[in-house]
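Remarks on the structure that follows.
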Amino acid sequence: MPLITEITIFVLAAFVGFEVISKVPTTLHTPLMSQTNAIHGIVLLGGLIVVGLSNFWLDNLIGTIAIFFGTINIVGGFLVTDRMLGMFVRKPKKEEPAEKKTGDGEKE
Amino acid sequence: MPLITEITIFVLAAFVGFEVISKVPTTLHTPLMSQTNAIHGIVLLGGLIVVGLSNFWLDNLIGTIAIFFGTINIVGGFLVTDRMLGMFVRKPKKEEPAEKKTGDGEKE
Amino acid sequence: MPLVAALDPQSAFVQACYIVSFSLFIIGIRRGTHPTTARQGNMIAAAGMLIAVATTLALKGIGNWGLIAIGLVAGTIVGVVASRRVQMTAMPQMVALYNGLGGGAVALIAWAEFRHDLALGEAIPLDAFIPTLFSMVVGSISFWGSNIAFGKLQGLISGQPMKIPGQQVLNALLLAGIVAACIVLGLDHNSGPSQGLFIAVLIAAAILGNLFVLPIGGADMPVVISLLNAFTGLSAAAAGIALDNTVLIVAGTLVGSSGTILTTAMATAMNRSIGNILFAGFGATPTGGAATEERPVTSIGAQDAAIKLAYADSVVIVPGYGMAVAQAQHAVKEMADELGKKGVNVNYAIHPVAGRMPGHMNVLLAEADVPYEKLKEMDEVNPEMPHTDVAVVIGANDVTNPAAKDDPDSPIAGMPIIEVDEAQQVIVIKRSLSPGFAGIDNDLFYHEKTSMLFSDAKQAAADIAAEIENL
Amino acid sequence: MPLVAALDPQSAFVQACYIVSFSLFIIGIRRGTHPTTARQGNMIAAAGMLIAVATTLALKGIGNWGLIAIGLVAGTIVGVVASRRVQMTAMPQMVALYNGLGGGAVALIAWAEFRHDLALGEAIPLDAFIPTLFSMVVGSISFWGSNIAFGKLQGLISGQPMKIPGQQVLNALLLAGIVAACIVLGLDHNSGPSQGLFIAVLIAAAILGNLFVLPIGGADMPVVISLLNAFTGLSAAAAGIALDNTVLIVAGTLVGSSGTILTTAMATAMNRSIGNILFAGFGATPTGGAATEERPVTSIGAQDAAIKLAYADSVVIVPGYGMAVAQAQHAVKEMADELGKKGVNVNYAIHPVAGRMPGHMNVLLAEADVPYEKLKEMDEVNPEMPHTDVAVVIGANDVTNPAAKDDPDSPIAGMPIIEVDEAQQVIVIKRSLSPGFAGIDNDLFYHEKTSMLFSDAKQAAADIAAEIENL
Ligand SMILES: NC(=O)c1ccc[n+]([C@@H]2O[C@H](COP(=O)([O-])OP(=O)(O)OC[C@H]3O[C@@H](n4cnc5c(N)ncnc54)[C@H](OP(=O)(O)O)[C@@H]3O)[C@@H](O)[C@H]2O)c1
Ligand SMILES: NC(=O)c1ccc[n+]([C@@H]2O[C@H](COP(=O)([O-])OP(=O)(O)OC[C@H]3O[C@@H](n4cnc5c(N)ncnc54)[C@H](OP(=O)(O)O)[C@@H]3O)[C@@H](O)[C@H]2O)c1
């Protein structure tokens with residue numbers, strides 16, 4: 001793909017990024033940071049290509065470490081974001097917190 | 001350029017479009033419509049290429065009409081949008097309207 | 001021509017110019033989100049256009065300067081004159097006309113592109129041919145549909161929905177025929193597809209464009225135009241794909257998104273589905289024939305209205321389509337000014353679909369120099385209604401109809417309204433008791449706190465202003 | 001391996017999968033704009049990732065399955081365990097560490113890519129080589145910088161700014177050296193650039209990453225991490241350009257925009273410039289040494305505090321970094337519950353930079369099951385302050401400091417604050433009179449309507465809750 005086409009894609013993606021992310025409220029900035037961490041784990045693809053196509057030990061080593069790092073990013077990032085965001089959602093199944101909520105929430 | 005690359009650009013542009021335009025308030029929807037009218041005058045480029053590169057009378061005719069249409073779109077569209085938007089901005093230079101405004105605006 | 005640079009269309013420099021150009025479009029629209037920056041945004045977008053055109057003119061092999069100059073100069077003259085002359089009240093027509101021109105240009109370019117590919121005598125690659133066919137069909141529908149819409153709005157064609165029996169079936173058959181012909185053309189792509197068939201498709205699309213819009217009522221035209229605007233945008237994007245031109249793709253897509261969003265927004269604000277608007281033949285422009293006029297109404301003159309208003313503390317003006325028809329915005333502003341001089345607090349309540357275009361009232365009142373902060377949105381003004389002494393409804397009807405809240409069977413049931421019936425007193429200025437766009441009676445007129453001032457809106461506003469001055 | 005599809009990387013199918021993948025990322029982030037849809041959004045983004053990875057694994061020629069499996073399995077195990085074990089209070093460290101891993105992976109891939117190009121023995125095209133160099137340098141800076149930030153936050157390295165004389169000059173020289181070496185490498189691009197020089201640049205970038213972050217105070221780490229997050233994103237995008245991989249370009253750019261926006265948002269909320277944060281060595285973590293302790297303060301015990309709170313009508317809780325340190329969120333929630341049982345209306349006022357990360361307090365309080373609607377933003381809560389009976393400041397300091405409004409010479413002058421000094425009464429819970437992150441004294445503590453409760457936040461909240469229950 002010619003460089004200029006890739007720059008076209010980059011510019012459009014930057015516009016999308018700025019528009020979308022400026023809509024995320026401060027409340028959700030911490031989960032956003034960990035979600036974007038997970039998303040840049042996409043460099044894993046680079047690692048897969050390096051290891052997948054090479055036969056020399058050094059490249060294999062470099063690539064495998066990259067795969068390892070990228071996978072931690074992706075798996076850890078999405079899971080931890082999910083854990084955080086799960087806290088923002090009411091949990092109607094658990095009895096105890098629902099009980100507690102009455103004290104704080106309903107007595108206004 | 002391969003079709004799939006053009007689709008990539010299309011998809012990204014659609015995301016940008018939806019994000020940006022959903023931020024425009026109803027108040028400004030009429031100017032927005034006429035501004036987008038001006039922007040799709042961009043098809044003028046197609047007309048320029050047709051006429052610029054052809055030598056057959058029918059193509060020239062078709063192309064020139066397209067250029068004519070596209071130019072009306074662009075020139076008329078941007079100018080009329082400007083006229084409309086100019087009305088939304090306070091005009092401090094004109095004496096008379098500034099006078100009038102006192103009656104309506106300042107007496108609260 | 002002195003300045004012929006001869007750039008290669010796929011060169012990085014040309015592509016970079018196109019990137020700058022579409023970025024300016026995006027930034028321009030982005031700045032359109034606020035009235036204070038919108039004008040600058042419009043200029044930024046225009047600068048983007050200038051760059052795109054200049055770049056294209058400098059491409060290698062571009063010649064035929066005479067014809068290009070004729071097209072550009074003639075177009076500029078028409079554009080400048082039209083934009084100076086057009087009345088603010090005629091904006092809906094203007095938008096329709098321009099949209100049609102865009103669609104027409106796309107269809108013509110697609111045709112020329114097809115002829116060019118044919119002339120090469122080689123197989124036409126499908127990834128250029130399909131977008132060409134798409135832009136030709138959609139551009140042609142958009143051209144004819146927009147022109148009909150223009151005709152209806154301008155009063156050149158009756159605003160009544162024109163129904164032919166079996167209309168929908170006919171349209172469906174026509175569309176199926178177009179698609180089938182396109183498939184045949186596509187299958188022939190490497191053995192010289194027939195130009196005759198191509199032109200037949202162009203004509204069929206033109207007929208479809210006409211048939212599609214004719215049965216829709218004049219009052220629904222803004223929704224139709226906005227939809228056709230999306231069509232034009234998409235057809236331009238398809239032309240961009242056929243021509244390998246990024247700025248065309250991006251700009252067309254932006255316009256496509258805009259049209260889609262506005263169409264949806266209007267439909268939502270009217271609480272109707274897009275399908276209902278397009279296929280139900282609902283939006284008949286009122287025939288003026290009055291509904292059940294047996295119930296008693298309180299009628300009032302300009303002088304009494306002036307007294308009511310001048311002794312109020314707070315007044316809310318609710319403008320509607322009638323104000324646009326009567327071109328009453330300046331008179332209304334003057335009336336408000338007179339009230340201001342008497343110490344009355346005057347605001348305007350703008351319903352999202354008051355008038356016939358989104359933001360219609362805002363443009364008109366801005367033209368009359370009403371300060372932006374005085375224009376209140378529905379959600380902002382409704383809670384204040386009970387504390388409002390007088391609500392003055394000027395040429396509005398449906399957007400104040402309490403049936404939307406109270407009567408679940410009403411055609412406008414569920415549409416949010418400006419709740420003037422909550423105000424202390426209501427003055428309604430219109431020429432008769434005839435219904436508005438939705439064609440239904442309005443209980444507001446018969447309400448005990450409502451006084452009707454039967455008159456043309458401009459006349460009435462001027463009369464009231466004069467009376468207030470004389471108080 | 002059973003399922004090897006062998007797709008051509010530039011085939012339309014692979015590209016289409018990548019388009020789906022990045023669209024899911026965008027939609028996923030888009031849904032992250034509201035707490036109720038954010039979790040679903042996260043899953044959508046994860047689905048996008050799955051598609052991208054699966055597509056890549058099916059590419060033609062991919063082999064070495066053993067090593068790939070090792071990397072994937074080991075990474076997954078570490079990722080799952082880490083994400084289960086990590087405390088919510090340790091989020092800033094976690095984000096730093098992950099960011100470093102991403103940067104490191106990018107740098108390694110750039111190195112491998114370079115080796116691959118070298119091995120081909122041909123001229124390396126500049127439009128792949130320049131992005132490779134960029135991603136190597138920036139990825140390496142991001143890796144080392146993030147690790148230092150992690151160390152500082154985790155307490156492995158002192159949070160104090162470590163300054164070497166001539167620091168800035170050294171950094172500038174290092175950067176200039178890196179750029180120069182990259183230019184040399186680039187000029188050699190068709191005669192086999194030296195791998196030695198490449199590795200030297202990798203090392204120099206590593207040193208620069210260390211030197212860049214070491215002199216910044218521990219408390220400024222969140223801003224640094226966010227900036228490095230933008231770096232990692234951009235380096236990933238550059239790697240995508242080098243590898244001709246659209247999903248990498250788009251995903252990297254999204255992360256780059258996110259990092260940029262968050263960095264700017266934090267700097268704005270602290271009313272400091274990014275340059276000041278990075279180069280002024282300002283954010284020293286407080287040493288605990290108290291400021292001018294001569295002025296009298298009103299001290300109070302848990303029992304008195306409980307009485308004040310229980311007999312109030314409305315209470316606003318203002319949490320800060322101290323609540324995070326003490327892990328007091330559950331105790332605070334319990335205290336609020338007890339107050340709720342007494343009929344007190346309790347809300348939380350969240351300052352945008354309370355704590356050490358944007359949204360830090362929100363995550364902690366959400367963990368403790370505080371309902372989302374109870375968390376009020378600064379702009380919403382400040383106008384209500386005069387009608388608030390008691391404001392309870394729990395481990396917050398700077399974000400309540402009236403000097404930001406009153407003293408134009410204060411380092412935090414102009415930073416918007418939660419105006420607890422407008423409330424009827426104030427209770428401040430912290431361990432001493434020592435300053436917070438900005439290292440400045442807080443007049444609030446000496447105000448006549450303020451009572452200080454000197455205690456650990458968790459302990460104090462638990463004590464108050466117990467006392468209220470006994471009332
Ligand atoms: N804004 C949009 O985007 C849009 C788009 C499509 C459809 N619509 C629809 O349009 C309607 C807009 O509601 P609306 O309340 O603004 O208008 P309306 O319901 O159409 O009513 C307009 C009223 O103005 C009166 N009028 C006409 N000419 C007048 C004149 N010269 N002087 C004084 N009064 C005059 C008419 O009554 P008389 O004949 O008795 O004078 C008529 O009842 C809604 O139903 C909406 O759904 C809006
Ligand atoms: N949120 C972000 O994104 C971000 C990023 C970078 C910088 N910052 C900066 O961080 C600051 C945040 O302000 P803030 O008011 O939340 O915090 P702060 O000003 O840093 O004050 C925290 C206070 O908590 C007290 N504390 C510490 N441990 C405690 C414990 N175990 N129990 C009770 N109290 C304890 C400390 O006083 P004692 O030692 O007396 O207990 C300290 O004064 C702002 O200056 C902001 O600019 C924020």
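Residue numbers start at 1 in each chain; chains themselves are named A, B, ... in the order of the structure tokens; ligands are numbered from 1 in the order shown.
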* Find the spatial neighbours of C:His360, counting only C-alpha atoms, within a cut-off of 12 Å - ignore same-chain residues fewer than 4 positions away - and output them as a VMD selection string. => (chain B and resid 26 to 33 84) or (chain C and resid 88 to 92 222 319 to 325 329 350 to 356 364 to 367)
* Do a neighbour search on C:Met415 at 8 Å with only C-alpha atoms, toss out local chain neighbours closer than 5 positions, and write the hits as a list in words. => Ala269, Met270, Asn271, Ala404 and Lys405 of chain C
Output N, CA, C and O atoms of each residue in that selection to a file, as an mmCIF file, in the first residue's frame.
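Output contents, as saved in result22.cif:
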data_model
loop_
_atom_site.group_PDB
_atom_site.id
_atom_site.type_symbol
_atom_site.label_atom_id
_atom_site.label_comp_id
_atom_site.auth_asym_id
_atom_site.auth_seq_id
_atom_site.Cartn_x
_atom_site.Cartn_y
_atom_site.Cartn_z
ATOM 1 N N ALA C 269 -38.291 13.672 15.633
ATOM 2 C CA ALA C 269 -38.956 14.835 16.224
ATOM 3 C C ALA C 269 -40.435 14.863 15.854
ATOM 4 O O ALA C 269 -41.251 15.432 16.571
ATOM 5 N N MET C 270 -40.790 14.247 14.739
ATOM 6 C CA MET C 270 -42.207 14.187 14.377
ATOM 7 C C MET C 270 -42.845 12.903 14.895
ATOM 8 O O MET C 270 -44.033 12.676 14.668
ATOM 9 N N ASN C 271 -42.045 12.078 15.557
ATOM 10 C CA ASN C 271 -42.534 10.804 16.077
ATOM 11 C C ASN C 271 -43.149 9.933 14.974
ATOM 12 O O ASN C 271 -44.173 9.302 15.163
ATOM 13 N N ALA C 404 -51.259 15.750 21.010
ATOM 14 C CA ALA C 404 -50.054 14.921 20.984
ATOM 15 C C ALA C 404 -49.797 14.282 22.339
ATOM 16 O O ALA C 404 -49.290 13.169 22.435
ATOM 17 N N LYS C 405 -50.160 15.024 23.414
ATOM 18 C CA LYS C 405 -49.987 14.478 24.762
ATOM 19 C C LYS C 405 -51.197 13.666 25.190
ATOM 20 O O LYS C 405 -51.077 12.630 25.835
#
* Would you name the residues within 6 Å of ligand 2, counting only C-alpha atoms and all ligand atoms, and put them as a VMD selection string? -> chain D and resid 219 to 220 222 to 223 266 270 288 320 to 322 325 to 326 353 to 358 395 to 399 430 to 438 456 to 457
Generate a file of the selected residues that holds C-alpha atoms, formatted as a PDB file, in the first residue's frame.
ATOM      1  CA  ALA D 219       2.504  12.414  41.734  1.00  0.00           C
ATOM      2  CA  ASP D 220       2.766  13.560  38.135  1.00  0.00           C
ATOM      3  CA  PRO D 222      -0.525   9.727  35.697  1.00  0.00           C
ATOM      4  CA  VAL D 223       0.066  12.535  33.238  1.00  0.00           C
ATOM      5  CA  MET D 266      -5.524  16.258  33.083  1.00  0.00           C
ATOM      6  CA  MET D 270      -4.751  20.980  37.080  1.00  0.00           C
ATOM      7  CA  GLY D 288       5.001  14.403  55.214  1.00  0.00           C
ATOM      8  CA  GLY D 320      -9.339  12.433  47.480  1.00  0.00           C
ATOM      9  CA  TYR D 321      -6.064  10.634  47.097  1.00  0.00           C
ATOM     10  CA  GLY D 322      -5.970   9.763  50.813  1.00  0.00           C
ATOM     11  CA  VAL D 325      -4.173   5.248  49.850  1.00  0.00           C
ATOM     12  CA  ALA D 326      -6.150   4.118  52.879  1.00  0.00           C
ATOM     13  CA  VAL D 353      -8.275  15.255  39.249  1.00  0.00           C
ATOM     14  CA  ALA D 354      -8.997  13.929  42.715  1.00  0.00           C
ATOM     15  CA  GLY D 355      -6.711  10.998  43.342  1.00  0.00           C
ATOM     16  CA  ARG D 356      -3.951  10.199  40.925  1.00  0.00           C
ATOM     17  CA  MET D 357      -5.761   9.225  37.746  1.00  0.00           C
ATOM     18  CA  PRO D 358      -8.702  10.712  35.883  1.00  0.00           C
ATOM     19  CA  GLY D 395      -8.186  12.332  52.247  1.00  0.00           C
ATOM     20  CA  ALA D 396      -8.522  15.174  49.769  1.00  0.00           C
ATOM     21  CA  ASN D 397      -6.477  18.309  49.991  1.00  0.00           C
ATOM     22  CA  ASP D 398      -5.518  20.289  46.876  1.00  0.00           C
ATOM     23  CA  VAL D 399      -8.868  19.834  45.209  1.00  0.00           C
ATOM     24  CA  LYS D 430      -6.592  13.239  57.186  1.00  0.00           C
ATOM     25  CA  ARG D 431      -3.665  12.117  59.247  1.00  0.00           C
ATOM     26  CA  SER D 432      -1.912  15.440  59.778  1.00  0.00           C
ATOM     27  CA  LEU D 433      -1.720  18.998  58.512  1.00  0.00           C
ATOM     28  CA  SER D 434       0.815  18.031  55.884  1.00  0.00           C
ATOM     29  CA  PRO D 435       0.232  19.193  52.348  1.00  0.00           C
ATOM     30  CA  GLY D 436      -1.036  17.140  49.414  1.00  0.00           C
ATOM     31  CA  PHE D 437       0.376  16.611  45.987  1.00  0.00           C
ATOM     32  CA  ALA D 438       0.985  20.263  45.194  1.00  0.00           C
ATOM     33  CA  ASP D 456      -6.340   7.311  58.796  1.00  0.00           C
ATOM     34  CA  ALA D 457      -9.276   7.637  56.404  1.00  0.00           C
TER      35      ALA D 457
END
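Each of C:Thr450, C:Ile394, C:Asp407, C:Gly414 was checked against ligand 1 using only C-alpha atoms and all ligand atoms; the smallest atom-to-atom distance is that of C:Ile394.
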* Can you work out which one of D:Asp337, D:Ala312, D:Ile19, D:Ala237 has the shortest atom-to-atom distance to chain A, counting only C-alpha atoms? =>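 Closest to chain A, using only C-alpha atoms: D:Asp337.
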* What residues in chain A lie within 10 Å of chain B, counting only C-alpha atoms, written as a PyMOL selection string? -> chain A and resi 1-2+5-6+8-20+23
* To do: Skip D:Met452 itself and residues of its chain fewer than 6 positions away, then list as a list in words all residues within 9 Å of it, counting only C-alpha atoms.
  =>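 Residues near the query, excluding close chain neighbours: Val297, Thr298, Ser299, Ile300, Gly301, Val426, Ile427, Val428, Ile429, Lys430, Ser432, Leu433, Phe445 and Tyr446 of chain D.
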Restrict the selected residues to N, CA, C and O atoms and save them as an mmCIF file, in the first residue's frame.
data_model
loop_
_atom_site.group_PDB
_atom_site.id
_atom_site.type_symbol
_atom_site.label_atom_id
_atom_site.label_comp_id
_atom_site.auth_asym_id
_atom_site.auth_seq_id
_atom_site.Cartn_x
_atom_site.Cartn_y
_atom_site.Cartn_z
ATOM 1 N N VAL D 297 -6.046 25.163 64.840
ATOM 2 C CA VAL D 297 -7.087 24.442 64.121
ATOM 3 C C VAL D 297 -8.060 23.863 65.137
ATOM 4 O O VAL D 297 -7.725 23.698 66.305
ATOM 5 N N THR D 298 -9.280 23.590 64.698
ATOM 6 C CA THR D 298 -10.253 22.939 65.566
ATOM 7 C C THR D 298 -10.158 21.443 65.309
ATOM 8 O O THR D 298 -10.366 20.987 64.185
ATOM 9 N N SER D 299 -9.850 20.692 66.352
ATOM 10 C CA SER D 299 -9.754 19.250 66.194
ATOM 11 C C SER D 299 -11.029 18.616 66.739
ATOM 12 O O SER D 299 -11.739 19.210 67.551
ATOM 13 N N ILE D 300 -11.325 17.420 66.259
ATOM 14 C CA ILE D 300 -12.607 16.818 66.577
ATOM 15 C C ILE D 300 -12.417 15.305 66.626
ATOM 16 O O ILE D 300 -11.482 14.772 66.025
ATOM 17 N N GLY D 301 -13.272 14.599 67.377
ATOM 18 C CA GLY D 301 -13.180 13.144 67.429
ATOM 19 C C GLY D 301 -14.271 12.498 66.597
ATOM 20 O O GLY D 301 -15.182 13.183 66.103
ATOM 21 N N VAL D 426 -17.570 22.066 57.752
ATOM 22 C CA VAL D 426 -16.661 21.190 57.028
ATOM 23 C C VAL D 426 -15.965 20.262 58.025
ATOM 24 O O VAL D 426 -15.523 20.713 59.080
ATOM 25 N N ILE D 427 -15.912 18.978 57.708
ATOM 26 C CA ILE D 427 -15.084 18.052 58.484
ATOM 27 C C ILE D 427 -14.003 17.522 57.547
ATOM 28 O O ILE D 427 -14.309 17.037 56.462
ATOM 29 N N VAL D 428 -12.741 17.661 57.945
ATOM 30 C CA VAL D 428 -11.647 17.185 57.115
ATOM 31 C C VAL D 428 -10.996 15.989 57.799
ATOM 32 O O VAL D 428 -10.528 16.100 58.934
ATOM 33 N N ILE D 429 -10.988 14.854 57.099
ATOM 34 C CA ILE D 429 -10.349 13.660 57.656
ATOM 35 C C ILE D 429 -9.026 13.439 56.954
ATOM 36 O O ILE D 429 -8.973 13.184 55.761
ATOM 37 N N LYS D 430 -7.921 13.589 57.693
ATOM 38 C CA LYS D 430 -6.592 13.239 57.186
ATOM 39 C C LYS D 430 -5.677 13.022 58.366
ATOM 40 O O LYS D 430 -6.059 13.278 59.510
ATOM 41 N N SER D 432 -2.706 14.344 59.219
ATOM 42 C CA SER D 432 -1.912 15.440 59.778
ATOM 43 C C SER D 432 -2.273 16.714 59.038
ATOM 44 O O SER D 432 -3.204 16.730 58.248
ATOM 45 N N LEU D 433 -1.484 17.763 59.268
ATOM 46 C CA LEU D 433 -1.720 18.998 58.512
ATOM 47 C C LEU D 433 -0.822 19.063 57.282
ATOM 48 O O LEU D 433 -0.731 20.092 56.623
ATOM 49 N N PHE D 445 -8.068 24.267 56.344
ATOM 50 C CA PHE D 445 -7.912 23.591 57.636
ATOM 51 C C PHE D 445 -8.041 24.562 58.807
ATOM 52 O O PHE D 445 -8.391 24.168 59.908
ATOM 53 N N TYR D 446 -7.727 25.841 58.552
ATOM 54 C CA TYR D 446 -7.708 26.819 59.646
ATOM 55 C C TYR D 446 -8.976 27.651 59.666
ATOM 56 O O TYR D 446 -9.123 28.560 60.457
#
* To do: Quick one: pull the distance between atom CA of C:Ser191 and atom CA of C:Met136, Å, one decimal.
  => 20.4 Å
* Asked: Quick one: residues within 10 Å of B:Ile62, only C-alpha atoms counted, chain neighbours fewer than 2 positions away excluded, as a PyMOL selection string?
  -> (chain B and resi 47+50-51+57-60+64-68) or (chain C and resi 105+107-112)
* Asked: Any idea what the distance is between atom CA of C:Ala58 and atom CA of C:Gly256?
  ->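 Straight-line distance from atom CA of C:Ala58 to atom CA of C:Gly256 works out to 28.0 Å.
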* Test item, alpha helix (DSSP H) assignment across chain A, answer as an MDAnalysis selection string -> chainID A and resid 3:21 29:40 44:53 57:88 95:101
